[in-house]
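All remarks here apply to the structure that follows.
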Amino acid sequence: MKIYLLNETPFEGVENLILSRVKFYDFSVDLSRFDALICTSKNALKALENAKIPLHFDGVLYAVGQKTAQAARRLGFSRVRVPSRAYAAALFEEFRTEFKGRNCLYLRGKDVAWDLSAALREAGVALCEMVVYESEFIGSALRPERPGIFIFTSPLGVENFLRSFSFCAGDLCVALGQSTAEKLPRENLFLPPESSLASCVALAKRLRDLKCDSKDRGGEI
């Protein structure tokens, strides 16, 4: 079975099935007005770079995952906080007390899996929210071999897949997180022990190997 990742990140032994592209908005913002910057995706940081926003910021940057945090540090953000689990809901629960004492800027995409903005406002956080990018559906000429193992990294990725394909008997799905899993069929659905692409790929490779071993024995996983 082939492994397909609905993401552009390269991994050995994995084929990228790219069905969308990121469109960055033209915007302006004075980061120095804020003492907390919230980023739930690396694309928010790429949007800052694309718009050539001066990175004059002395506050705390809250990143939803380690990859976003690493990207922030590469850009020169020195005070970076990350929740124990790579979910927007976890970021809110772990840092809500800190947010209430800060003037917060939340840079996000057009489509989100969980409404962090609403949760922050309901908690009484002083929040400025800016939509700085969106994901555009482009489709793909690639026709994956079936059955296959598909790694989904977002609910929108599932929606884009279903605009081009349907699930076939024997397909296996790996979801990056619970919100993505909720969009997928429950049968043959797997979640990795950690919410990271590397963990998803490792799980997909284990499933592929188990499937191969099972076929050799004449059984099923």
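Every chain in the structure tokens takes a letter, A first, then B, and so on in the order presented; its residues are numbered from 1, and the ligands are numbered from 1 following the presented order.
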Do you know which residues are at most 7 Å from range 134-136 of chain A counting only C-alpha atoms, after dropping those on the same chain fewer than 6 positions away, and could you put them as an mmCIF file with C-alpha atoms, in the first residue's frame?
```
data_model
loop_
_atom_site.group_PDB
_atom_site.id
_atom_site.type_symbol
_atom_site.label_atom_id
_atom_site.label_comp_id
_atom_site.auth_asym_id
_atom_site.auth_seq_id
_atom_site.Cartn_x
_atom_site.Cartn_y
_atom_site.Cartn_z
ATOM 1 C CA SER A 20 -4.802 23.149 -1.980
ATOM 2 C CA ARG A 21 -2.410 26.071 -1.773
ATOM 3 C CA VAL A 22 -2.054 28.880 0.718
ATOM 4 C CA LYS A 23 -3.025 32.372 -0.372
ATOM 5 C CA PHE A 24 -1.482 35.081 1.806
ATOM 6 C CA GLY A 109 -6.366 31.516 8.599
ATOM 7 C CA LYS A 110 -9.831 31.951 7.113
ATOM 8 C CA ASP A 111 -10.876 28.420 8.120
#
```
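All residues in range 186-218 of chain A with a DSSP state of alpha helix (DSSP H), computed from the backbone, read A:Leu197, A:Ala198, A:Ser199, A:Cys200, A:Val201, A:Ala202, A:Leu203, A:Ala204, A:Lys205, A:Arg206, A:Leu207, A:Arg208, A:Asp209, A:Leu210, A:Lys211, A:Cys212, A:Asp213, A:Ser214, A:Lys215, A:Asp216, A:Arg217.
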With a distance cut-off of 9 Å and only C-alpha atoms, select the neighbouring residues of Ala181 in chain A, excluding the residue or stretch itself and same-chain residues fewer than 5 positions from it, and output the selection as a ChimeraX atom specification. /A:152,154-155,173-176,186,189-191
Could you build a table of the residues in range 94-169 of chain A lying no more than 12 Å from range 56-66 of chain A, giving for each the nearest pair of atoms and their separation in Å rounded to one decimal place, using only C-alpha atoms, ordered by chain and ascending residue number, as a tab-separated table?
```
residue	atom	partner	partner_atom	distance
A:Glu94	CA	A:Tyr62	CA	10.8
A:Phe95	CA	A:Tyr62	CA	8.7
A:Arg96	CA	A:Tyr62	CA	11.1
A:Glu98	CA	A:Val60	CA	10.0
A:Phe99	CA	A:Tyr62	CA	9.7
A:Gly101	CA	A:Val60	CA	12.0
A:Arg102	CA	A:Gly59	CA	9.2
A:Asn103	CA	A:Gly59	CA	9.6
A:Cys104	CA	A:Val60	CA	9.5
A:Leu105	CA	A:Leu61	CA	9.5
A:Tyr106	CA	A:Tyr62	CA	9.4
A:Leu107	CA	A:Ala63	CA	10.8
A:Arg108	CA	A:Val64	CA	11.5
A:Leu116	CA	A:Val64	CA	11.2
```
How would you write, as a PDB file with C-alpha atoms, in the first residue's frame, the set of residues in range 126-191 of chain A that DSSP gives as strand (DSSP E or B)?
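Listed below is the output, result.pdb:
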```pdb
ATOM      1  CA  ALA A 126      -8.551  41.910  25.036  1.00  0.00           C
ATOM      2  CA  LEU A 127      -8.237  40.503  21.536  1.00  0.00           C
ATOM      3  CA  CYS A 128      -7.456  41.822  18.073  1.00  0.00           C
ATOM      4  CA  GLU A 129      -8.056  39.143  15.446  1.00  0.00           C
ATOM      5  CA  MET A 130      -6.707  39.252  11.890  1.00  0.00           C
ATOM      6  CA  VAL A 131      -7.328  36.747   9.078  1.00  0.00           C
ATOM      7  CA  VAL A 132      -4.042  36.781   7.148  1.00  0.00           C
ATOM      8  CA  TYR A 133      -4.249  33.749   4.848  1.00  0.00           C
ATOM      9  CA  GLU A 134      -6.584  31.165   3.390  1.00  0.00           C
ATOM     10  CA  SER A 135      -6.373  27.747   1.794  1.00  0.00           C
ATOM     11  CA  GLU A 136      -7.487  27.588  -1.849  1.00  0.00           C
ATOM     12  CA  PHE A 137      -8.663  24.306  -3.397  1.00  0.00           C
ATOM     13  CA  ILE A 149      -3.078   4.950   3.456  1.00  0.00           C
ATOM     14  CA  PHE A 150      -4.019   8.627   3.686  1.00  0.00           C
ATOM     15  CA  ILE A 151      -2.678  11.077   6.261  1.00  0.00           C
ATOM     16  CA  PHE A 152      -4.986  14.023   6.941  1.00  0.00           C
ATOM     17  CA  LEU A 172      -6.718   3.418   5.930  1.00  0.00           C
ATOM     18  CA  CYS A 173      -6.856   6.950   7.345  1.00  0.00           C
ATOM     19  CA  VAL A 174      -4.481   8.585   9.801  1.00  0.00           C
ATOM     20  CA  ALA A 175      -5.660  11.852  11.389  1.00  0.00           C
ATOM     21  CA  LEU A 189      -9.289   5.358  11.285  1.00  0.00           C
ATOM     22  CA  PHE A 190      -6.108   5.754  13.332  1.00  0.00           C
TER      23      PHE A 190
END
```
Leaving out Ser28 in chain A and any residue of its chain fewer than 5 positions from it, which residues lie within 10 Å of it when counting only C-alpha atoms, given as a ChimeraX atom specification? /A:48,51-54,130,132
Could you save those same residues with N, CA, C and O atoms as a CSV table (one decimal), in the first residue's frame?
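Contents of out-v1.csv, freshly written:
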```
chain,number,residue,atom,x,y,z
A,48,LEU,N,3.3,37.1,7.9
A,48,LEU,CA,4.0,38.2,8.4
A,48,LEU,C,5.2,38.5,7.5
A,48,LEU,O,5.4,39.7,7.1
A,51,ALA,N,4.0,39.8,4.0
A,51,ALA,CA,3.5,41.1,4.0
A,51,ALA,C,4.6,42.1,4.4
A,51,ALA,O,4.3,43.3,4.5
A,52,LYS,N,5.8,41.6,4.7
A,52,LYS,CA,6.9,42.4,5.1
A,52,LYS,C,6.6,43.3,6.3
A,52,LYS,O,6.9,44.5,6.4
A,53,ILE,N,6.0,42.7,7.3
A,53,ILE,CA,5.7,43.3,8.6
A,53,ILE,C,7.0,43.5,9.4
A,53,ILE,O,7.6,42.4,9.7
A,54,PRO,N,7.3,44.6,9.9
A,54,PRO,CA,8.5,44.8,10.8
A,54,PRO,C,8.2,44.0,12.1
A,54,PRO,O,7.2,44.1,12.7
A,130,MET,N,-6.9,38.9,13.3
A,130,MET,CA,-6.7,39.3,11.9
A,130,MET,C,-6.6,38.0,11.1
A,130,MET,O,-5.8,37.1,11.4
A,132,VAL,N,-5.2,36.4,8.0
A,132,VAL,CA,-4.0,36.8,7.1
A,132,VAL,C,-3.7,35.8,6.0
A,132,VAL,O,-2.8,36.1,5.2
```
Residues within 12 Å of Gly177 in chain A, only C-alpha atoms, excluding chain neighbours under 5 positions, as a VMD selection string: chain A and resid 85 to 89 113 to 114 151 to 155 182 to 184 189 to 197 199 to 200
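Closest to Gly13 in chain A among A:Ala204, A:Cys212, A:Ile138, A:Asp35 is A:Ala204, based on only C-alpha atoms.
Proximity to Tyr4 in chain A was assessed for A:Thr40, A:Val29, A:Glu93, A:Gly148 counting only C-alpha atoms; the smallest distance is recorded for A:Gly148.
Shortest atom-to-atom contact with Lys2 in chain A among A:Ala123, A:Ala141, A:Ala90, A:Leu207: A:Leu207, counting only C-alpha atoms.
The residue that comes closest to Arg73 in chain A, out of A:Leu45, A:Arg143, A:Asn16, A:Ala169 and on the basis of only C-alpha atoms, is A:Leu45.
With distances restricted to only C-alpha atoms, A:Ala44 is the closest residue to Phe27 in chain A from A:Leu210, A:Ala44, A:Cys168, A:Val14.
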Distance of CA of Leu19 in chain A from CA of Gly139 in chain A, expressed in Å to one decimal place: 4.5 Å
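Nearest residue to Ala71 in chain A, choosing from A:Cys39, A:Leu156, A:Val125, A:Leu31 and counting only C-alpha atoms: A:Cys39.
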Which value, in Å to one decimal, gives the distance between CA of Arg146 in chain A and CA of Val201 in chain A? 18.1 Å
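The two atoms in question, CA of Ala118 in chain A and CA of Lys100 in chain A, are spaced 13.8 Å apart.
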